[in-house]
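Undergrad: Enclosed is the structure file protein20.tsv (TSV, C-alpha atoms).
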chain	number	residue	atom	x	y	z
A	1	MET	CA	0.00	0.00	0.00
A	2	ILE	CA	1.15	3.53	-0.83
A	3	ARG	CA	-0.08	6.37	1.33
A	4	ALA	CA	0.66	9.96	0.25
A	5	VAL	CA	0.94	12.36	3.20
A	6	ASN	CA	0.92	16.10	2.52
A	7	LEU	CA	3.56	17.67	4.76
A	8	GLY	CA	1.72	20.99	4.68
A	9	ASP	CA	-1.72	20.09	6.06
A	10	ASN	CA	-0.98	16.44	7.05
A	11	SER	CA	-3.75	15.10	4.83
A	12	GLU	CA	-3.42	11.48	3.70
A	13	ASN	CA	-4.52	9.68	0.57
A	14	ILE	CA	-4.03	6.12	-0.61
A	15	VAL	CA	-2.66	6.19	-4.16
A	16	GLN	CA	-2.22	3.50	-6.76
A	17	PRO	CA	1.15	2.94	-8.50
A	18	GLU	CA	-0.11	4.35	-11.79
A	19	GLU	CA	-1.24	7.55	-10.05
A	20	LEU	CA	2.24	8.43	-8.81
A	21	LYS	CA	3.33	9.96	-12.13
A	22	ALA	CA	0.74	12.71	-11.75
A	23	LEU	CA	1.60	13.33	-8.09
A	24	SER	CA	3.72	16.32	-7.14
A	25	LEU	CA	6.76	15.38	-5.07
A	26	SER	CA	6.97	18.76	-3.37
A	27	ASP	CA	6.55	18.50	0.42
A	28	VAL	CA	5.11	15.00	0.27
A	29	TRP	CA	5.67	11.83	2.25
A	30	LEU	CA	5.21	8.54	0.41
A	31	GLU	CA	4.50	5.95	3.07
A	32	LEU	CA	4.82	2.37	1.82
A	33	VAL	CA	3.39	-0.32	4.10
A	34	ASP	CA	4.21	-3.93	3.16
A	35	PRO	CA	4.66	-2.81	-0.45
A	36	ALA	CA	4.38	-5.09	-3.45
A	37	GLU	CA	7.07	-5.18	-6.11
A	38	ASN	CA	5.09	-3.01	-8.55
A	39	GLU	CA	4.58	-0.37	-5.85
A	40	LEU	CA	8.28	-0.25	-5.09
A	41	ARG	CA	9.08	0.05	-8.78
A	42	ALA	CA	6.58	2.86	-9.26
A	43	VAL	CA	8.05	4.84	-6.35
A	44	SER	CA	11.55	4.19	-7.63
A	45	ASP	CA	10.61	5.53	-11.07
A	46	VAL	CA	9.01	8.70	-9.79
A	47	THR	CA	11.70	9.53	-7.20
A	48	GLN	CA	14.69	8.33	-9.26
A	49	ILE	CA	15.89	6.29	-6.28
A	50	PRO	CA	17.17	2.80	-7.21
A	51	ILE	CA	14.67	0.15	-6.23
A	52	ASN	CA	17.30	-1.86	-4.39
A	53	PHE	CA	17.70	1.04	-1.97
A	54	LEU	CA	13.99	0.94	-1.19
A	55	ARG	CA	13.66	-2.80	-0.57
A	56	LEU	CA	13.55	-3.93	3.04
A	57	PRO	CA	16.79	-5.78	3.85
A	58	THR	CA	16.53	-9.50	4.47
A	59	THR	CA	19.63	-9.56	6.66
A	60	ASP	CA	18.93	-9.18	10.38
A	61	GLY	CA	20.57	-6.27	12.13
A	62	TYR	CA	21.23	-4.22	9.00
A	63	ILE	CA	21.69	-0.54	9.92
A	64	ASP	CA	23.16	1.85	7.39
A	65	LEU	CA	23.33	5.48	6.29
A	66	ARG	CA	23.81	6.10	2.56
A	67	LEU	CA	24.30	9.65	1.33
A	68	GLU	CA	23.82	10.07	-2.40
A	69	ASP	CA	23.63	13.11	-4.63
A	70	GLY	CA	20.35	14.84	-3.75
A	71	TYR	CA	19.01	12.32	-1.25
A	72	GLY	CA	19.91	10.12	1.69
A	73	ILE	CA	18.93	6.54	2.61
A	74	ILE	CA	18.60	5.37	6.21
A	75	ASN	CA	18.18	1.72	7.19
A	76	PHE	CA	16.94	1.52	10.77
A	77	LEU	CA	15.57	-1.23	13.03
A	78	VAL	CA	12.62	-1.58	15.37
A	79	MET	CA	12.89	-4.19	18.13
A	80	GLN	CA	10.00	-6.62	18.44
A	81	ASP	CA	10.55	-7.91	21.98
A	82	VAL	CA	13.96	-8.12	23.65
A	83	VAL	CA	12.99	-10.46	26.50
A	84	SER	CA	11.63	-13.27	24.33
A	85	THR	CA	13.13	-12.94	20.85
A	86	LYS	CA	15.85	-11.22	18.84
A	87	LYS	CA	13.50	-10.46	15.93
A	88	VAL	CA	13.54	-6.94	14.50
A	89	TYR	CA	11.55	-5.02	11.91
A	90	PRO	CA	13.58	-3.10	9.32
A	91	VAL	CA	12.63	0.41	8.22
A	92	VAL	CA	13.89	2.25	5.14
A	93	MET	CA	13.74	6.06	5.02
A	94	ALA	CA	14.72	7.94	1.87
A	95	PHE	CA	14.70	11.71	2.26
A	96	SER	CA	15.53	14.74	0.15
A	97	LYS	CA	14.74	18.44	0.39
A	98	ASN	CA	11.33	17.91	-1.22
A	99	PHE	CA	10.07	14.46	-0.33
A	100	LEU	CA	10.29	11.56	2.11
A	101	VAL	CA	9.81	7.88	1.33
A	102	THR	CA	9.41	5.29	4.08
A	103	VAL	CA	9.15	1.53	3.64
A	104	ALA	CA	8.10	-0.53	6.64
A	105	LYS	CA	6.03	-3.44	7.91
A	106	LYS	CA	2.52	-2.93	9.20
A	107	GLU	CA	3.62	-4.23	12.63
A	108	ILE	CA	5.31	-0.89	13.41
A	109	GLN	CA	2.45	1.31	12.21
A	110	SER	CA	1.80	2.53	15.75
A	111	ILE	CA	5.29	4.05	15.91
A	112	VAL	CA	4.79	5.77	12.55
A	113	ASN	CA	1.43	7.10	13.74
A	114	ASN	CA	3.10	8.58	16.82
A	115	ALA	CA	5.54	10.39	14.52
A	116	LYS	CA	2.61	11.78	12.54
A	117	GLU	CA	1.10	13.20	15.73
A	118	ARG	CA	4.21	15.32	16.17
A	119	MET	CA	3.88	16.96	12.77
A	120	SER	CA	2.75	20.57	12.68
A	121	LYS	CA	-0.59	21.37	11.08
A	122	ALA	CA	0.15	25.08	10.82
A	123	LYS	CA	3.30	24.90	8.73
A	124	VAL	CA	5.18	22.61	6.37
A	125	ASP	CA	7.36	20.00	8.10
A	126	PRO	CA	10.58	19.47	6.14
A	127	PRO	CA	11.16	15.83	5.12
A	128	SER	CA	14.34	15.72	7.21
A	129	GLN	CA	12.38	16.80	10.29
A	130	VAL	CA	9.74	14.14	9.73
A	131	THR	CA	12.61	11.66	9.42
A	132	TYR	CA	13.76	12.81	12.84
A	133	PHE	CA	10.25	12.28	14.26
A	134	ILE	CA	10.20	8.67	13.03
A	135	ILE	CA	13.69	7.82	14.29
A	136	ASP	CA	13.07	9.51	17.63
A	137	GLU	CA	9.87	7.50	18.13
A	138	ILE	CA	11.73	4.28	17.32
A	139	VAL	CA	14.41	5.13	19.88
A	140	ALA	CA	11.77	6.11	22.44
A	141	ASN	CA	10.12	2.72	21.88
A	142	HIS	CA	13.34	1.09	23.13
A	143	TYR	CA	12.47	2.23	26.65
A	144	ILE	CA	9.47	-0.09	26.65
A	145	HIS	CA	11.78	-3.05	26.09
A	146	ILE	CA	14.23	-1.74	28.69
A	147	GLU	CA	11.40	-1.61	31.22
A	148	LYS	CA	10.63	-5.25	30.47
A	149	LEU	CA	14.30	-6.09	30.92
A	150	GLU	CA	14.30	-4.41	34.32
A	151	ASN	CA	11.26	-6.38	35.52
A	152	LEU	CA	12.61	-9.70	34.23
A	153	THR	CA	16.06	-9.05	35.69
A	154	ALA	CA	14.55	-8.33	39.12
A	155	LYS	CA	12.46	-11.51	38.90
A	156	ILE	CA	15.50	-13.61	37.99
A	157	GLU	CA	17.45	-12.15	40.91
A	158	GLU	CA	14.70	-13.23	43.29
A	159	GLU	CA	14.65	-16.72	41.80
A	160	VAL	CA	18.42	-17.07	42.19
A	161	VAL	CA	18.28	-16.00	45.84
A	162	GLU	CA	15.32	-18.23	46.71
A	163	LYS	CA	16.39	-21.40	44.93
A	164	THR	CA	18.93	-22.83	42.51
A	165	SER	CA	17.61	-24.28	39.28
A	166	SER	CA	19.17	-25.25	35.99
A	167	GLU	CA	16.18	-23.72	34.21
A	168	THR	CA	16.92	-20.36	35.82
A	169	LEU	CA	20.52	-20.57	34.62
A	170	LYS	CA	19.34	-21.33	31.08
A	171	ARG	CA	17.00	-18.31	31.19
A	172	ILE	CA	19.85	-16.08	32.31
A	173	PHE	CA	22.15	-17.16	29.47
A	174	LYS	CA	19.33	-16.84	26.93
A	175	LEU	CA	18.42	-13.36	28.14
A	176	LYS	CA	22.07	-12.27	28.05
A	177	THR	CA	22.25	-13.40	24.42
A	178	TYR	CA	19.21	-11.27	23.56
A	179	MET	CA	20.66	-8.31	25.45
A	180	ILE	CA	23.94	-8.57	23.55
A	181	SER	CA	22.03	-8.37	20.26
A	182	PHE	CA	19.98	-5.44	21.57
A	183	ASN	CA	23.08	-3.63	22.74
A	184	LYS	CA	24.78	-4.17	19.38
A	185	ILE	CA	21.78	-2.63	17.60
A	186	LEU	CA	21.86	0.36	19.97
A	187	TRP	CA	25.56	0.91	19.22
A	188	TYR	CA	24.98	0.78	15.45
A	189	GLU	CA	22.01	3.14	15.69
A	190	ARG	CA	23.97	5.59	17.79
A	191	GLY	CA	26.79	5.52	15.24
A	192	LEU	CA	24.32	6.22	12.45
A	193	ILE	CA	22.82	9.17	14.34
A	194	PHE	CA	26.30	10.55	15.00
A	195	ASN	CA	27.19	10.34	11.29
A	196	LEU	CA	23.87	11.89	10.35
A	197	HIS	CA	24.47	14.73	12.78
A	198	LYS	CA	27.90	15.39	11.26
A	199	CYS	CA	26.98	14.96	7.59
A	200	GLY	CA	26.70	18.68	6.91
A	201	ASP	CA	24.21	20.94	5.14
A	202	SER	CA	24.53	19.02	1.89
A	203	CYS	CA	22.37	16.16	3.20
A	204	MET	CA	20.26	17.82	5.90
A	205	ALA	CA	19.50	21.31	7.17
A	206	ALA	CA	21.32	22.40	10.33
A	207	LYS	CA	18.07	22.87	12.25
A	208	ALA	CA	17.03	19.28	11.58
A	209	ARG	CA	20.47	17.93	12.47
A	210	THR	CA	20.46	19.62	15.87
A	211	LEU	CA	17.26	17.74	16.71
A	212	PHE	CA	19.21	14.49	16.68
A	213	ASP	CA	21.26	15.57	19.71
A	214	THR	CA	18.58	14.33	22.09
A	215	THR	CA	18.24	11.08	20.12
A	216	HIS	CA	21.98	10.49	20.41
A	217	GLU	CA	21.80	11.12	24.17
A	218	ASP	CA	18.88	8.70	24.53
A	219	LEU	CA	20.76	5.95	22.69
A	220	THR	CA	23.85	6.53	24.87
A	221	ARG	CA	21.70	6.27	27.99
A	222	GLN	CA	20.02	3.11	26.73
A	223	ILE	CA	23.36	1.47	26.02
A	224	ASP	CA	24.50	2.17	29.58
A	225	ILE	CA	21.26	0.81	31.04
A	226	VAL	CA	21.38	-2.42	29.04
A	227	GLU	CA	25.03	-2.89	29.96
A	228	THR	CA	24.13	-2.47	33.63
A	229	TYR	CA	21.45	-5.16	33.37
A	230	ARG	CA	23.95	-7.47	31.70
A	231	GLU	CA	26.30	-7.00	34.64
A	232	ILE	CA	23.46	-7.75	37.04
A	233	LEU	CA	22.75	-11.00	35.23
A	234	SER	CA	26.45	-11.88	35.37
A	235	ASP	CA	26.34	-11.35	39.14
A	236	ALA	CA	23.22	-13.53	39.29
A	237	ILE	CA	25.14	-16.31	37.53
A	238	ASN	CA	27.93	-16.03	40.12
A	239	VAL	CA	25.40	-16.19	42.95
A	240	HIS	CA	23.77	-19.22	41.34
A	241	LEU	CA	27.10	-21.02	40.98
A	242	SER	CA	28.10	-20.12	44.55
A	243	ALA	CA	24.83	-21.53	45.87
A	244	ILE	CA	25.37	-24.78	43.98
A	245	SER	CA	28.96	-24.94	45.25
A	246	ASN	CA	27.78	-24.46	48.84
A	247	LYS	CA	25.25	-27.23	48.40
A	248	ILE	CA	27.94	-29.57	47.13
A	249	ASN	CA	30.26	-28.63	50.01
A	250	LEU	CA	27.53	-29.29	52.56
A	251	SER	CA	26.77	-32.64	50.95
A	252	ILE	CA	30.44	-33.61	51.03
A	253	LYS	CA	30.66	-32.40	54.62
A	254	SER	CA	27.65	-34.49	55.62
A	255	LEU	CA	29.05	-37.53	53.85
A	256	THR	CA	32.42	-37.03	55.58
A	257	VAL	CA	30.69	-36.85	58.96
A	258	VAL	CA	28.82	-40.08	58.33
A	259	ILE	CA	31.91	-41.91	57.11
A	260	PHE	CA	33.99	-40.64	60.03
A	261	TYR	CA	31.28	-41.62	62.51
A	262	LEU	CA	30.92	-45.13	61.09
A	263	THR	CA	34.70	-45.56	60.97
A	264	ILE	CA	34.96	-44.86	64.70
A	265	ILE	CA	32.20	-47.32	65.52
A	266	THR	CA	33.71	-50.00	63.30
A	267	THR	CA	37.20	-49.49	64.78
A	268	VAL	CA	36.00	-49.64	68.37
A	269	THR	CA	33.73	-52.63	67.94
A	270	SER	CA	36.28	-54.63	65.97
A	271	PHE	CA	39.23	-53.74	68.23
A	272	PRO	CA	38.77	-56.66	70.77
A	273	ASN	CA	38.69	-59.33	68.07
A	274	THR	CA	41.68	-57.74	66.31
A	275	VAL	CA	43.76	-57.81	69.51
A	276	ALA	CA	42.66	-61.34	70.36
A	277	THR	CA	43.60	-62.59	66.94
A	278	PHE	CA	46.98	-60.82	67.03
A	279	PHE	CA	47.96	-62.17	70.48
A	280	GLY	CA	46.19	-65.50	70.19
A	281	ILE	CA	43.95	-64.83	73.21
A	282	SER	CA	41.10	-67.26	72.78
A	283	GLN	CA	39.31	-66.11	75.96
A	284	PHE	CA	39.22	-62.43	74.95
A	285	GLY	CA	35.87	-63.02	73.29
A	286	ASN	CA	34.44	-63.95	76.68
A	287	THR	CA	34.85	-60.40	77.99
A	288	ASP	CA	32.06	-59.23	80.27
A	289	ILE	CA	29.11	-57.96	78.28
A	290	ALA	CA	29.02	-54.80	80.40
A	291	ILE	CA	32.51	-53.83	79.27
A	292	VAL	CA	31.59	-54.38	75.64
A	293	SER	CA	28.38	-52.39	76.05
A	294	VAL	CA	30.18	-49.47	77.70
A	295	ALA	CA	32.81	-49.49	74.93
A	296	ILE	CA	30.15	-49.40	72.21
A	297	LEU	CA	28.19	-46.72	74.06
A	298	LEU	CA	31.27	-44.54	74.43
A	299	SER	CA	32.13	-45.06	70.76
A	300	VAL	CA	28.73	-43.69	69.90
A	301	VAL	CA	28.35	-40.91	72.45
A	302	LEU	CA	31.84	-39.40	72.35
A	303	PRO	CA	31.92	-38.85	68.53
A	304	PHE	CA	28.38	-37.47	68.74
A	305	ILE	CA	29.40	-34.95	71.42
A	306	TRP	CA	32.47	-33.95	69.47
A	307	LEU	CA	30.53	-33.44	66.23
A	308	TRP	CA	27.83	-31.51	68.09
A	309	ARG	CA	30.40	-29.13	69.65
A	310	LYS	CA	31.88	-28.59	66.18
A	311	LYS	CA	28.35	-27.67	64.96
A	312	TRP	CA	28.64	-30.15	62.13
A	313	LEU	CA	25.35	-31.83	62.92
A	314	THR	CA	23.28	-28.74	61.95
A	315	LEU	CA	22.87	-28.10	58.25
A	316	LYS	CA	21.72	-24.73	56.91
A	317	ARG	CA	19.16	-24.96	54.14
A	318	LEU	CA	19.86	-23.07	50.94
A	319	ASP	CA	16.42	-23.45	49.42
Now, as a test, write the supplied structure out as structure tokens.
TA:
Amino acid sequence: MIRAVNLGDNSENIVQPEELKALSLSDVWLELVDPAENELRAVSDVTQIPINFLRLPTTDGYIDLRLEDGYGIINFLVMQDVVSTKKVYPVVMAFSKNFLVTVAKKEIQSIVNNAKERMSKAKVDPPSQVTYFIIDEIVANHYIHIEKLENLTAKIEEEVVEKTSSETLKRIFKLKTYMISFNKILWYERGLIFNLHKCGDSCMAAKARTLFDTTHEDLTRQIDIVETYREILSDAINVHLSAISNKINLSIKSLTVVIFYLTIITTVTSFPNTVATFFGISQFGNTDIAIVSVAILLSVVLPFIWLWRKKWLTLKRLD
């Protein structure tokens, strides 16, 4: 679909490919939503922009600024959902002094509509300024995903403290992978904004370029926030591994106590027969039952008292 937006009064009309030849390209925004091949070709013919520059890239994570004679091409990305997927929606923006062409999926129409709300109805919005509105709304949309990251990170921290689970560890590593991809996109977008800000009057008016200062600051802030959450998740992994290590140590400690306790009992109870066999005392086995009972009782009570004073008989629960 091709939607023609008048940058003077913000009126919109859906136009067919064959109608573009009669359309004036002065102060107009050609908005292509899920365009067909013939629509792309018609826009390419009327704007003299190569059709390959207008096609949505099939490669994930493609961000680029192309400055040609008389126009510029921006490839930007819109995140779908950072906490559950790395999928992104590409956006192509071709701008000149007279017109703006955008190519995007219908899934991001709400962001484009927010940009339209910022357009002035009393004066003509330059195409470069409308381009700023769209990019700024995309960057502002990142904060929604950052808020989700904050909530999920806090939830994972609570899970790590309350209990240790292999599923929690898998979730942490998966989320860190998504955050790395998100952070990489933020870095590329910030680099594009920086280059756009420094491109000079030949590609964009100075007034429009100064607007991107706040966008650059927002991207810098978002990069720092995402990096902070990544560090928090790294700390959560360390806490998780420490908890597992403590559990293993307590298990080994308990096993050592049991083995040591049984070794004492076995040594004490088998000592009379060992001595009798070594010295050939056949009557040693006829020792008074009271002596044997006291020896066994002491072999049980004394190690128990010793272990109790060492506080090895009390185990602290980790979960």
Undergrad: I'd like the neighbourhood of Ile146 of chain A as a PDB file with C-alpha atoms, keeping the file's coordinate frame, where a residue qualifies if any of its atoms comes within 9 Å (using only C-alpha atoms), though same-chain residues fewer than 2 positions away should be ignored.
TA:
ATOM      1  CA  VAL A  82      13.960  -8.120  23.650  1.00  0.00           C
ATOM      2  CA  HIS A 142      13.340   1.090  23.130  1.00  0.00           C
ATOM      3  CA  TYR A 143      12.470   2.230  26.650  1.00  0.00           C
ATOM      4  CA  ILE A 144       9.470  -0.090  26.650  1.00  0.00           C
ATOM      5  CA  LYS A 148      10.630  -5.250  30.470  1.00  0.00           C
ATOM      6  CA  LEU A 149      14.300  -6.090  30.920  1.00  0.00           C
ATOM      7  CA  GLU A 150      14.300  -4.410  34.320  1.00  0.00           C
ATOM      8  CA  ASN A 151      11.260  -6.380  35.520  1.00  0.00           C
ATOM      9  CA  GLN A 222      20.020   3.110  26.730  1.00  0.00           C
ATOM     10  CA  ILE A 225      21.260   0.810  31.040  1.00  0.00           C
ATOM     11  CA  VAL A 226      21.380  -2.420  29.040  1.00  0.00           C
TER      12      VAL A 226
END
Undergrad: One number please: atom CA of Val112 of chain A to atom CA of Asp224 of chain A, in Å, one decimal.
TA: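 So the answer is 26.3 Å.
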Undergrad: Which of these residues is nearest to Asn113 of chain A, using all atoms listed in the file: A:Asn10, A:Gly70, A:Lys163, A:Val83?
TA: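 Result for the nearest residue to Asn113 of chain A: A:Asn10.
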Undergrad: Calculated over all atoms listed in the file, which of the candidates A:Asp45, A:Glu217, A:Glu227, A:Asp34 has the smallest distance to Asn183 of chain A?
TA: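 Of A:Asp45, A:Glu217, A:Glu227, A:Asp34, the one nearest Asn183 of chain A is A:Glu227, counting all atoms listed in the file.
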Undergrad: Each residue of segment 57-121 of chain A lying at most 8 Å from segment 15-29 of chain A should get a row with its shortest atom-to-atom pair and the distance in Å to one decimal, counting all atoms listed in the file; could you produce that, ordered by chain and increasing number, as CSV?
TA:
residue,atom,partner,partner_atom,distance
A:Asn98,CA,A:Ser26,CA,4.9
A:Phe99,CA,A:Val28,CA,5.0
A:Leu100,CA,A:Trp29,CA,4.6
A:Val101,CA,A:Trp29,CA,5.8
A:Thr102,CA,A:Trp29,CA,7.8
Undergrad: For each of A:Leu219, A:Ile111, A:Ala4, A:Val124, take the minimum atom-to-atom distance to Lys184 of chain A, counting only C-alpha atoms, then give the residue where this is smallest.
TA: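 Among the listed residues, A:Leu219 lies closest to Lys184 of chain A.
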Undergrad: Which residue out of A:Gly191, A:Leu65, A:Phe304, A:Glu147 has the minimum interatomic distance to Phe260 of chain A when all atoms listed in the file are used?
TA: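 Using all atoms listed in the file, Phe260 of chain A sits closest to A:Phe304.
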